[in-house]
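Source file: final-v8.cif (mmCIF, N, CA, C and O atoms)
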data_my_file
#
loop_
_atom_site.group_PDB
_atom_site.id
_atom_site.type_symbol
_atom_site.label_atom_id
_atom_site.label_comp_id
_atom_site.auth_asym_id
_atom_site.auth_seq_id
_atom_site.Cartn_x
_atom_site.Cartn_y
_atom_site.Cartn_z
ATOM 1 N N MET A 858 119.756 103.186 79.504
ATOM 2 C CA MET A 858 119.346 104.306 80.355
ATOM 3 C C MET A 858 117.873 104.132 80.718
ATOM 4 O O MET A 858 117.093 103.612 79.942
ATOM 5 N N GLN A 859 117.547 104.607 81.891
ATOM 6 C CA GLN A 859 116.148 104.609 82.312
ATOM 7 C C GLN A 859 115.878 105.859 83.131
ATOM 8 O O GLN A 859 116.789 106.468 83.681
ATOM 9 N N THR A 860 114.619 106.228 83.193
ATOM 10 C CA THR A 860 114.195 107.419 83.927
ATOM 11 C C THR A 860 113.767 107.014 85.323
ATOM 12 O O THR A 860 113.072 106.015 85.502
ATOM 13 N N ILE A 861 114.196 107.798 86.330
ATOM 14 C CA ILE A 861 113.699 107.620 87.688
ATOM 15 C C ILE A 861 112.946 108.888 88.084
ATOM 16 O O ILE A 861 113.157 109.958 87.506
ATOM 17 N N TYR A 862 112.061 108.763 89.053
ATOM 18 C CA TYR A 862 111.123 109.815 89.419
ATOM 19 C C TYR A 862 111.274 110.163 90.898
ATOM 20 O O TYR A 862 111.315 109.272 91.737
ATOM 21 N N GLY A 863 111.320 111.457 91.195
ATOM 22 C CA GLY A 863 111.568 111.905 92.548
ATOM 23 C C GLY A 863 110.305 112.086 93.376
ATOM 24 O O GLY A 863 109.232 112.382 92.855
ATOM 25 N N TYR A 864 110.479 111.897 94.686
ATOM 26 C CA TYR A 864 109.422 112.205 95.654
ATOM 27 C C TYR A 864 110.082 112.780 96.897
ATOM 28 O O TYR A 864 111.246 112.520 97.181
ATOM 29 N N ASP A 865 109.321 113.612 97.634
ATOM 30 C CA ASP A 865 109.894 114.287 98.801
ATOM 31 C C ASP A 865 109.833 113.409 100.045
ATOM 32 O O ASP A 865 109.414 112.252 99.984
ATOM 33 N N SER A 866 110.235 113.963 101.187
ATOM 34 C CA SER A 866 110.321 113.188 102.428
ATOM 35 C C SER A 866 108.970 112.681 102.925
ATOM 36 O O SER A 866 108.914 111.760 103.728
ATOM 37 N N GLN A 867 107.883 113.279 102.439
ATOM 38 C CA GLN A 867 106.549 112.810 102.808
ATOM 39 C C GLN A 867 105.951 111.898 101.741
ATOM 40 O O GLN A 867 104.831 111.420 101.884
ATOM 41 N N GLY A 868 106.683 111.697 100.646
ATOM 42 C CA GLY A 868 106.237 110.785 99.598
ATOM 43 C C GLY A 868 105.574 111.450 98.411
ATOM 44 O O GLY A 868 105.222 110.776 97.450
ATOM 45 N N TYR A 869 105.390 112.772 98.446
ATOM 46 C CA TYR A 869 104.722 113.456 97.334
ATOM 47 C C TYR A 869 105.654 113.607 96.144
ATOM 48 O O TYR A 869 106.836 113.913 96.296
ATOM 49 N N SER A 870 105.120 113.409 94.958
ATOM 50 C CA SER A 870 105.890 113.557 93.731
ATOM 51 C C SER A 870 106.466 114.967 93.631
ATOM 52 O O SER A 870 105.769 115.949 93.885
ATOM 53 N N THR A 871 107.735 115.048 93.263
ATOM 54 C CA THR A 871 108.380 116.356 93.092
ATOM 55 C C THR A 871 108.402 116.782 91.626
ATOM 56 O O THR A 871 108.875 117.861 91.307
ATOM 57 N N ASP A 872 107.929 115.917 90.742
ATOM 58 C CA ASP A 872 107.959 116.140 89.288
ATOM 59 C C ASP A 872 109.383 116.177 88.747
ATOM 60 O O ASP A 872 109.599 116.571 87.611
ATOM 61 N N GLU A 873 110.372 115.773 89.550
ATOM 62 C CA GLU A 873 111.755 115.703 89.088
ATOM 63 C C GLU A 873 111.992 114.346 88.428
ATOM 64 O O GLU A 873 111.439 113.330 88.863
ATOM 65 N N THR A 874 112.822 114.337 87.405
ATOM 66 C CA THR A 874 113.240 113.097 86.773
ATOM 67 C C THR A 874 114.748 113.131 86.563
ATOM 68 O O THR A 874 115.353 114.206 86.503
ATOM 69 N N ARG A 875 115.339 111.951 86.497
ATOM 70 C CA ARG A 875 116.763 111.800 86.184
ATOM 71 C C ARG A 875 116.924 110.584 85.301
ATOM 72 O O ARG A 875 116.131 109.646 85.374
ATOM 73 N N GLU A 876 117.955 110.595 84.510
ATOM 74 C CA GLU A 876 118.308 109.441 83.698
ATOM 75 C C GLU A 876 119.473 108.723 84.379
ATOM 76 O O GLU A 876 120.454 109.367 84.761
ATOM 77 N N ILE A 877 119.344 107.404 84.562
ATOM 78 C CA ILE A 877 120.419 106.612 85.154
ATOM 79 C C ILE A 877 120.665 105.387 84.283
ATOM 80 O O ILE A 877 119.823 105.013 83.457
ATOM 81 N N GLN A 878 121.809 104.766 84.487
ATOM 82 C CA GLN A 878 122.111 103.505 83.807
ATOM 83 C C GLN A 878 121.236 102.402 84.397
ATOM 84 O O GLN A 878 120.850 102.448 85.569
ATOM 85 N N ASP A 879 120.932 101.382 83.595
ATOM 86 C CA ASP A 879 120.065 100.288 84.051
ATOM 87 C C ASP A 879 120.594 99.598 85.302
ATOM 88 O O ASP A 879 119.821 99.131 86.127
ATOM 89 N N HIS A 880 121.893 99.522 85.485
ATOM 90 C CA HIS A 880 122.476 98.811 86.623
ATOM 91 C C HIS A 880 122.702 99.712 87.843
ATOM 92 O O HIS A 880 123.098 99.225 88.890
ATOM 93 N N ASP A 881 122.449 101.018 87.725
ATOM 94 C CA ASP A 881 122.646 101.935 88.850
ATOM 95 C C ASP A 881 121.573 101.728 89.919
ATOM 96 O O ASP A 881 120.422 101.426 89.597
ATOM 97 N N PRO A 882 121.940 101.910 91.181
ATOM 98 C CA PRO A 882 120.934 101.794 92.246
ATOM 99 C C PRO A 882 120.002 103.001 92.249
ATOM 100 O O PRO A 882 120.346 104.058 91.737
ATOM 101 N N VAL A 883 118.832 102.808 92.823
ATOM 102 C CA VAL A 883 117.874 103.908 92.998
ATOM 103 C C VAL A 883 117.844 104.223 94.487
ATOM 104 O O VAL A 883 117.539 103.361 95.307
ATOM 105 N N TYR A 884 118.180 105.439 94.831
ATOM 106 C CA TYR A 884 118.302 105.839 96.224
ATOM 107 C C TYR A 884 116.976 106.329 96.798
ATOM 108 O O TYR A 884 116.057 106.654 96.039
ATOM 109 N N PRO A 885 116.859 106.394 98.135
ATOM 110 C CA PRO A 885 115.631 106.905 98.750
ATOM 111 C C PRO A 885 115.271 108.277 98.170
ATOM 112 O O PRO A 885 116.149 109.102 97.905
ATOM 113 N N GLY A 886 114.002 108.482 97.955
ATOM 114 C CA GLY A 886 113.530 109.716 97.352
ATOM 115 C C GLY A 886 113.352 109.599 95.850
ATOM 116 O O GLY A 886 112.941 110.547 95.190
ATOM 117 N N TRP A 887 113.634 108.406 95.320
ATOM 118 C CA TRP A 887 113.520 108.143 93.879
ATOM 119 C C TRP A 887 112.917 106.772 93.658
ATOM 120 O O TRP A 887 113.069 105.865 94.474
ATOM 121 N N THR A 888 112.219 106.606 92.535
ATOM 122 C CA THR A 888 111.650 105.312 92.175
ATOM 123 C C THR A 888 111.723 105.124 90.666
ATOM 124 O O THR A 888 111.743 106.101 89.915
ATOM 125 N N ARG A 889 111.737 103.882 90.230
ATOM 126 C CA ARG A 889 111.727 103.563 88.801
ATOM 127 C C ARG A 889 110.315 103.625 88.226
ATOM 128 O O ARG A 889 110.136 103.622 87.016
ATOM 129 N N THR A 890 109.307 103.671 89.082
ATOM 130 C CA THR A 890 107.904 103.669 88.655
ATOM 131 C C THR A 890 107.414 105.092 88.429
ATOM 132 O O THR A 890 107.483 105.921 89.339
ATOM 133 N N ALA A 891 106.896 105.359 87.242
ATOM 134 C CA ALA A 891 106.403 106.704 86.917
ATOM 135 C C ALA A 891 105.145 107.022 87.723
ATOM 136 O O ALA A 891 104.276 106.157 87.882
ATOM 137 N N PRO A 892 105.045 108.250 88.228
ATOM 138 C CA PRO A 892 103.816 108.629 88.936
ATOM 139 C C PRO A 892 102.664 108.760 87.939
ATOM 140 O O PRO A 892 102.891 109.014 86.748
ATOM 141 N N PRO A 893 101.435 108.591 88.406
ATOM 142 C CA PRO A 893 100.291 108.729 87.511
ATOM 143 C C PRO A 893 100.075 110.195 87.135
ATOM 144 O O PRO A 893 100.535 111.105 87.825
ATOM 145 N N ASP A 894 99.384 110.395 86.031
ATOM 146 C CA ASP A 894 98.996 111.756 85.661
ATOM 147 C C ASP A 894 97.955 112.248 86.651
ATOM 148 O O ASP A 894 97.081 111.487 87.084
ATOM 149 N N VAL A 895 98.065 113.498 87.026
ATOM 150 C CA VAL A 895 97.101 114.091 87.954
ATOM 151 C C VAL A 895 96.524 115.353 87.338
ATOM 152 O O VAL A 895 97.161 115.988 86.496
ATOM 153 N N VAL A 896 95.323 115.701 87.749
ATOM 154 C CA VAL A 896 94.689 116.935 87.301
ATOM 155 C C VAL A 896 94.807 117.974 88.404
ATOM 156 O O VAL A 896 95.216 117.661 89.531
ATOM 157 N N GLU A 897 94.439 119.192 88.104
ATOM 158 C CA GLU A 897 94.524 120.258 89.097
ATOM 159 C C GLU A 897 93.751 119.878 90.357
ATOM 160 O O GLU A 897 92.640 119.378 90.292
ATOM 161 N N GLY A 898 94.399 120.078 91.498
ATOM 162 C CA GLY A 898 93.783 119.745 92.778
ATOM 163 C C GLY A 898 94.151 118.358 93.289
ATOM 164 O O GLY A 898 93.800 117.996 94.404
ATOM 165 N N GLU A 899 94.841 117.560 92.474
ATOM 166 C CA GLU A 899 95.262 116.229 92.898
ATOM 167 C C GLU A 899 96.772 116.209 93.088
ATOM 168 O O GLU A 899 97.492 117.014 92.514
ATOM 169 N N ARG A 900 97.234 115.261 93.902
ATOM 170 C CA ARG A 900 98.675 115.059 94.098
ATOM 171 C C ARG A 900 98.946 113.564 94.132
ATOM 172 O O ARG A 900 98.149 112.788 94.652
ATOM 173 N N ALA A 901 100.095 113.187 93.596
ATOM 174 C CA ALA A 901 100.519 111.786 93.647
ATOM 175 C C ALA A 901 101.440 111.612 94.843
ATOM 176 O O ALA A 901 102.312 112.433 95.105
ATOM 177 N N ILE A 902 101.216 110.518 95.584
ATOM 178 C CA ILE A 902 102.054 110.217 96.749
ATOM 179 C C ILE A 902 102.535 108.771 96.653
ATOM 180 O O ILE A 902 101.768 107.878 96.283
ATOM 181 N N TRP A 903 103.820 108.558 96.937
ATOM 182 C CA TRP A 903 104.453 107.241 96.908
ATOM 183 C C TRP A 903 104.313 106.620 98.285
ATOM 184 O O TRP A 903 104.850 107.111 99.272
ATOM 185 N N GLN A 904 103.549 105.530 98.386
ATOM 186 C CA GLN A 904 103.306 104.869 99.669
ATOM 187 C C GLN A 904 103.420 103.364 99.498
ATOM 188 O O GLN A 904 102.736 102.799 98.643
ATOM 189 N N VAL A 905 104.244 102.735 100.287
ATOM 190 C CA VAL A 905 104.397 101.280 100.324
ATOM 191 C C VAL A 905 104.634 100.705 98.918
ATOM 192 O O VAL A 905 104.060 99.693 98.536
ATOM 193 N N GLY A 906 105.459 101.387 98.137
ATOM 194 C CA GLY A 906 105.821 100.881 96.825
ATOM 195 C C GLY A 906 104.817 101.106 95.720
ATOM 196 O O GLY A 906 104.943 100.527 94.643
ATOM 197 N N LEU A 907 103.809 101.949 95.964
ATOM 198 C CA LEU A 907 102.790 102.252 94.951
ATOM 199 C C LEU A 907 102.481 103.746 94.949
ATOM 200 O O LEU A 907 102.516 104.397 95.991
ATOM 201 N N TRP A 908 102.151 104.274 93.780
ATOM 202 C CA TRP A 908 101.669 105.661 93.705
ATOM 203 C C TRP A 908 100.173 105.674 93.984
ATOM 204 O O TRP A 908 99.440 104.811 93.512
ATOM 205 N N THR A 909 99.741 106.630 94.766
ATOM 206 C CA THR A 909 98.329 106.851 95.058
ATOM 207 C C THR A 909 98.016 108.293 94.711
ATOM 208 O O THR A 909 98.835 109.176 94.915
ATOM 209 N N VAL A 910 96.825 108.530 94.169
ATOM 210 C CA VAL A 910 96.411 109.900 93.847
ATOM 211 C C VAL A 910 95.469 110.386 94.931
ATOM 212 O O VAL A 910 94.485 109.725 95.262
ATOM 213 N N LEU A 911 95.804 111.542 95.509
ATOM 214 C CA LEU A 911 94.957 112.169 96.529
ATOM 215 C C LEU A 911 94.319 113.419 95.947
ATOM 216 O O LEU A 911 94.963 114.150 95.201
ATOM 217 N N ASP A 912 93.079 113.649 96.296
ATOM 218 C CA ASP A 912 92.427 114.888 95.855
ATOM 219 C C ASP A 912 92.355 115.892 97.004
ATOM 220 O O ASP A 912 91.586 116.835 96.976
ATOM 221 N N TYR A 913 93.181 115.660 98.015
ATOM 222 C CA TYR A 913 93.289 116.571 99.153
ATOM 223 C C TYR A 913 94.697 116.437 99.716
ATOM 224 O O TYR A 913 95.391 115.472 99.427
ATOM 225 N N VAL A 914 95.099 117.375 100.502
ATOM 226 C CA VAL A 914 96.383 117.292 101.192
ATOM 227 C C VAL A 914 96.067 117.043 102.662
ATOM 228 O O VAL A 914 95.383 117.850 103.293
ATOM 229 N N PRO A 915 96.525 115.918 103.208
ATOM 230 C CA PRO A 915 96.224 115.621 104.609
ATOM 231 C C PRO A 915 96.739 116.724 105.533
ATOM 232 O O PRO A 915 97.812 117.281 105.321
ATOM 233 N N ALA A 916 95.951 117.031 106.523
ATOM 234 C CA ALA A 916 96.344 118.058 107.484
ATOM 235 C C ALA A 916 97.461 117.534 108.376
ATOM 236 O O ALA A 916 97.492 116.364 108.736
ATOM 237 N N VAL A 917 98.372 118.402 108.697
ATOM 238 C CA VAL A 917 99.449 118.060 109.620
ATOM 239 C C VAL A 917 99.176 118.810 110.910
ATOM 240 O O VAL A 917 99.078 120.034 110.923
ATOM 241 N N HIS A 918 99.009 118.062 111.982
ATOM 242 C CA HIS A 918 98.734 118.672 113.271
ATOM 243 C C HIS A 918 100.056 118.904 114.000
ATOM 244 O O HIS A 918 100.791 117.969 114.270
ATOM 245 N N VAL A 919 100.312 120.138 114.302
ATOM 246 C CA VAL A 919 101.545 120.497 115.004
ATOM 247 C C VAL A 919 101.195 120.909 116.422
ATOM 248 O O VAL A 919 100.372 121.795 116.637
ATOM 249 N N TYR A 920 101.814 120.238 117.378
ATOM 250 C CA TYR A 920 101.566 120.564 118.774
ATOM 251 C C TYR A 920 102.447 121.745 119.174
ATOM 252 O O TYR A 920 103.629 121.761 118.890
ATOM 253 N N THR A 921 101.837 122.706 119.787
ATOM 254 C CA THR A 921 102.611 123.827 120.350
ATOM 255 C C THR A 921 102.367 123.864 121.845
ATOM 256 O O THR A 921 101.238 123.782 122.304
ATOM 257 N N ALA A 922 103.446 123.953 122.571
ATOM 258 C CA ALA A 922 103.344 123.972 124.030
ATOM 259 C C ALA A 922 102.681 125.263 124.487
ATOM 260 O O ALA A 922 102.900 126.317 123.903
ATOM 261 N N PRO A 923 101.864 125.177 125.539
ATOM 262 C CA PRO A 923 101.203 126.406 126.043
ATOM 263 C C PRO A 923 102.194 127.354 126.685
ATOM 264 O O PRO A 923 103.258 127.069 127.049
#
Please express the file's structure as structure tokens.
Amino acid sequence: MQTIYGYDSQGYSTDETREIQDHDPVYPGWTRTAPPDVVEGERAIWQVGLWTVLDYVPAVHVYTAP
């Protein structure tokens, strides 16, 4: 058995874990690599196969038609 770790559609850690068999596939939204520990105000994001710690949340610009 091994633990897998969840991330959302934007790559942010969801703090969810699951136990799977060693031969089971890992589906999108999950990774075998544990996210790093973060302190208050930080977030872990899964990008290009690596966890990165951000101390801010990037702004999302939403266009609204006039």
Selection result for the PyMOL selection byres (((chain A and resi 877-888 and name CA) around 8) and name CA) on this file, as a PDB file with N, CA, C and O atoms, in the coordinates of the input:
ATOM      1  N   MET A 858     119.756 103.186  79.504  1.00  0.00           N
ATOM      2  CA  MET A 858     119.346 104.306  80.355  1.00  0.00           C
ATOM      3  C   MET A 858     117.873 104.132  80.718  1.00  0.00           C
ATOM      4  O   MET A 858     117.093 103.612  79.942  1.00  0.00           O
ATOM      5  N   GLN A 859     117.547 104.607  81.891  1.00  0.00           N
ATOM      6  CA  GLN A 859     116.148 104.609  82.312  1.00  0.00           C
ATOM      7  C   GLN A 859     115.878 105.859  83.131  1.00  0.00           C
ATOM      8  O   GLN A 859     116.789 106.468  83.681  1.00  0.00           O
ATOM      9  N   THR A 860     114.619 106.228  83.193  1.00  0.00           N
ATOM     10  CA  THR A 860     114.195 107.419  83.927  1.00  0.00           C
ATOM     11  C   THR A 860     113.767 107.014  85.323  1.00  0.00           C
ATOM     12  O   THR A 860     113.072 106.015  85.502  1.00  0.00           O
ATOM     13  N   ILE A 861     114.196 107.798  86.330  1.00  0.00           N
ATOM     14  CA  ILE A 861     113.699 107.620  87.688  1.00  0.00           C
ATOM     15  C   ILE A 861     112.946 108.888  88.084  1.00  0.00           C
ATOM     16  O   ILE A 861     113.157 109.958  87.506  1.00  0.00           O
ATOM     17  N   TYR A 862     112.061 108.763  89.053  1.00  0.00           N
ATOM     18  CA  TYR A 862     111.123 109.815  89.419  1.00  0.00           C
ATOM     19  C   TYR A 862     111.274 110.163  90.898  1.00  0.00           C
ATOM     20  O   TYR A 862     111.315 109.272  91.737  1.00  0.00           O
ATOM     21  N   GLY A 863     111.320 111.457  91.195  1.00  0.00           N
ATOM     22  CA  GLY A 863     111.568 111.905  92.548  1.00  0.00           C
ATOM     23  C   GLY A 863     110.305 112.086  93.376  1.00  0.00           C
ATOM     24  O   GLY A 863     109.232 112.382  92.855  1.00  0.00           O
ATOM     25  N   TYR A 864     110.479 111.897  94.686  1.00  0.00           N
ATOM     26  CA  TYR A 864     109.422 112.205  95.654  1.00  0.00           C
ATOM     27  C   TYR A 864     110.082 112.780  96.897  1.00  0.00           C
ATOM     28  O   TYR A 864     111.246 112.520  97.181  1.00  0.00           O
ATOM     29  N   ASP A 865     109.321 113.612  97.634  1.00  0.00           N
ATOM     30  CA  ASP A 865     109.894 114.287  98.801  1.00  0.00           C
ATOM     31  C   ASP A 865     109.833 113.409 100.045  1.00  0.00           C
ATOM     32  O   ASP A 865     109.414 112.252  99.984  1.00  0.00           O
ATOM     33  N   SER A 866     110.235 113.963 101.187  1.00  0.00           N
ATOM     34  CA  SER A 866     110.321 113.188 102.428  1.00  0.00           C
ATOM     35  C   SER A 866     108.970 112.681 102.925  1.00  0.00           C
ATOM     36  O   SER A 866     108.914 111.760 103.728  1.00  0.00           O
ATOM     37  N   GLY A 868     106.683 111.697 100.646  1.00  0.00           N
ATOM     38  CA  GLY A 868     106.237 110.785  99.598  1.00  0.00           C
ATOM     39  C   GLY A 868     105.574 111.450  98.411  1.00  0.00           C
ATOM     40  O   GLY A 868     105.222 110.776  97.450  1.00  0.00           O
ATOM     41  N   ARG A 875     115.339 111.951  86.497  1.00  0.00           N
ATOM     42  CA  ARG A 875     116.763 111.800  86.184  1.00  0.00           C
ATOM     43  C   ARG A 875     116.924 110.584  85.301  1.00  0.00           C
ATOM     44  O   ARG A 875     116.131 109.646  85.374  1.00  0.00           O
ATOM     45  N   GLU A 876     117.955 110.595  84.510  1.00  0.00           N
ATOM     46  CA  GLU A 876     118.308 109.441  83.698  1.00  0.00           C
ATOM     47  C   GLU A 876     119.473 108.723  84.379  1.00  0.00           C
ATOM     48  O   GLU A 876     120.454 109.367  84.761  1.00  0.00           O
ATOM     49  N   ARG A 889     111.737 103.882  90.230  1.00  0.00           N
ATOM     50  CA  ARG A 889     111.727 103.563  88.801  1.00  0.00           C
ATOM     51  C   ARG A 889     110.315 103.625  88.226  1.00  0.00           C
ATOM     52  O   ARG A 889     110.136 103.622  87.016  1.00  0.00           O
ATOM     53  N   THR A 890     109.307 103.671  89.082  1.00  0.00           N
ATOM     54  CA  THR A 890     107.904 103.669  88.655  1.00  0.00           C
ATOM     55  C   THR A 890     107.414 105.092  88.429  1.00  0.00           C
ATOM     56  O   THR A 890     107.483 105.921  89.339  1.00  0.00           O
ATOM     57  N   ALA A 891     106.896 105.359  87.242  1.00  0.00           N
ATOM     58  CA  ALA A 891     106.403 106.704  86.917  1.00  0.00           C
ATOM     59  C   ALA A 891     105.145 107.022  87.723  1.00  0.00           C
ATOM     60  O   ALA A 891     104.276 106.157  87.882  1.00  0.00           O
TER      61      ALA A 891
END
Picked from chain A by DSSP as strand (DSSP E or B), as a list in words: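 The residues of chain A classed as strand (DSSP E or B) are Gln859, Thr860, Ile861, Tyr862, Gly863, Tyr864, Tyr869, Ser870, Thr871, Asp872, Glu873, Thr874, Arg875, Glu876, Ile877, Trp887, Thr888, Arg900, Ala901, Ile902, Trp903, Gln904, Leu907, Trp908, Thr909, Val910 and Leu911 of chain A.
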For the residues in the current selection, export N, CA, C and O atoms as a compact mmCIF listing (two decimals), in the frame of the given file.
# COMPACT_ATOMS: atom_id res chain seq x y z
N GLN A 859 117.55 104.61 81.89
CA GLN A 859 116.15 104.61 82.31
C GLN A 859 115.88 105.86 83.13
O GLN A 859 116.79 106.47 83.68
N THR A 860 114.62 106.23 83.19
CA THR A 860 114.20 107.42 83.93
C THR A 860 113.77 107.01 85.32
O THR A 860 113.07 106.02 85.50
N ILE A 861 114.20 107.80 86.33
CA ILE A 861 113.70 107.62 87.69
C ILE A 861 112.95 108.89 88.08
O ILE A 861 113.16 109.96 87.51
N TYR A 862 112.06 108.76 89.05
CA TYR A 862 111.12 109.82 89.42
C TYR A 862 111.27 110.16 90.90
O TYR A 862 111.32 109.27 91.74
N GLY A 863 111.32 111.46 91.20
CA GLY A 863 111.57 111.90 92.55
C GLY A 863 110.30 112.09 93.38
O GLY A 863 109.23 112.38 92.86
N TYR A 864 110.48 111.90 94.69
CA TYR A 864 109.42 112.20 95.65
C TYR A 864 110.08 112.78 96.90
O TYR A 864 111.25 112.52 97.18
N TYR A 869 105.39 112.77 98.45
CA TYR A 869 104.72 113.46 97.33
C TYR A 869 105.65 113.61 96.14
O TYR A 869 106.84 113.91 96.30
N SER A 870 105.12 113.41 94.96
CA SER A 870 105.89 113.56 93.73
C SER A 870 106.47 114.97 93.63
O SER A 870 105.77 115.95 93.88
N THR A 871 107.74 115.05 93.26
CA THR A 871 108.38 116.36 93.09
C THR A 871 108.40 116.78 91.63
O THR A 871 108.88 117.86 91.31
N ASP A 872 107.93 115.92 90.74
CA ASP A 872 107.96 116.14 89.29
C ASP A 872 109.38 116.18 88.75
O ASP A 872 109.60 116.57 87.61
N GLU A 873 110.37 115.77 89.55
CA GLU A 873 111.76 115.70 89.09
C GLU A 873 111.99 114.35 88.43
O GLU A 873 111.44 113.33 88.86
N THR A 874 112.82 114.34 87.40
CA THR A 874 113.24 113.10 86.77
C THR A 874 114.75 113.13 86.56
O THR A 874 115.35 114.21 86.50
N ARG A 875 115.34 111.95 86.50
CA ARG A 875 116.76 111.80 86.18
C ARG A 875 116.92 110.58 85.30
O ARG A 875 116.13 109.65 85.37
N GLU A 876 117.96 110.60 84.51
CA GLU A 876 118.31 109.44 83.70
C GLU A 876 119.47 108.72 84.38
O GLU A 876 120.45 109.37 84.76
N ILE A 877 119.34 107.40 84.56
CA ILE A 877 120.42 106.61 85.15
C ILE A 877 120.66 105.39 84.28
O ILE A 877 119.82 105.01 83.46
N TRP A 887 113.63 108.41 95.32
CA TRP A 887 113.52 108.14 93.88
C TRP A 887 112.92 106.77 93.66
O TRP A 887 113.07 105.86 94.47
N THR A 888 112.22 106.61 92.54
CA THR A 888 111.65 105.31 92.18
C THR A 888 111.72 105.12 90.67
O THR A 888 111.74 106.10 89.92
N ARG A 900 97.23 115.26 93.90
CA ARG A 900 98.68 115.06 94.10
C ARG A 900 98.95 113.56 94.13
O ARG A 900 98.15 112.79 94.65
N ALA A 901 100.10 113.19 93.60
CA ALA A 901 100.52 111.79 93.65
C ALA A 901 101.44 111.61 94.84
O ALA A 901 102.31 112.43 95.10
N ILE A 902 101.22 110.52 95.58
CA ILE A 902 102.05 110.22 96.75
C ILE A 902 102.54 108.77 96.65
O ILE A 902 101.77 107.88 96.28
N TRP A 903 103.82 108.56 96.94
CA TRP A 903 104.45 107.24 96.91
C TRP A 903 104.31 106.62 98.28
O TRP A 903 104.85 107.11 99.27
N GLN A 904 103.55 105.53 98.39
CA GLN A 904 103.31 104.87 99.67
C GLN A 904 103.42 103.36 99.50
O GLN A 904 102.74 102.80 98.64
N LEU A 907 103.81 101.95 95.96
CA LEU A 907 102.79 102.25 94.95
C LEU A 907 102.48 103.75 94.95
O LEU A 907 102.52 104.40 95.99
N TRP A 908 102.15 104.27 93.78
CA TRP A 908 101.67 105.66 93.70
C TRP A 908 100.17 105.67 93.98
O TRP A 908 99.44 104.81 93.51
N THR A 909 99.74 106.63 94.77
CA THR A 909 98.33 106.85 95.06
C THR A 909 98.02 108.29 94.71
O THR A 909 98.84 109.18 94.92
N VAL A 910 96.82 108.53 94.17
CA VAL A 910 96.41 109.90 93.85
C VAL A 910 95.47 110.39 94.93
O VAL A 910 94.48 109.72 95.26
N LEU A 911 95.80 111.54 95.51
CA LEU A 911 94.96 112.17 96.53
C LEU A 911 94.32 113.42 95.95
O LEU A 911 94.96 114.15 95.20
Polymer residues at most 7 Å from segment 902-910 of chain A, only C-alpha atoms, same-chain spacing of 2 or more positions, as a PyMOL selection string: chain A and resi 868-870+892+899-900+912
Distance of atom C of Thr871 of chain A from atom O of Val919 of chain A, expressed in Å to one decimal place: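 Between atom O of Val919 of chain A and atom C of Thr871 of chain A the gap is 26.7 Å.
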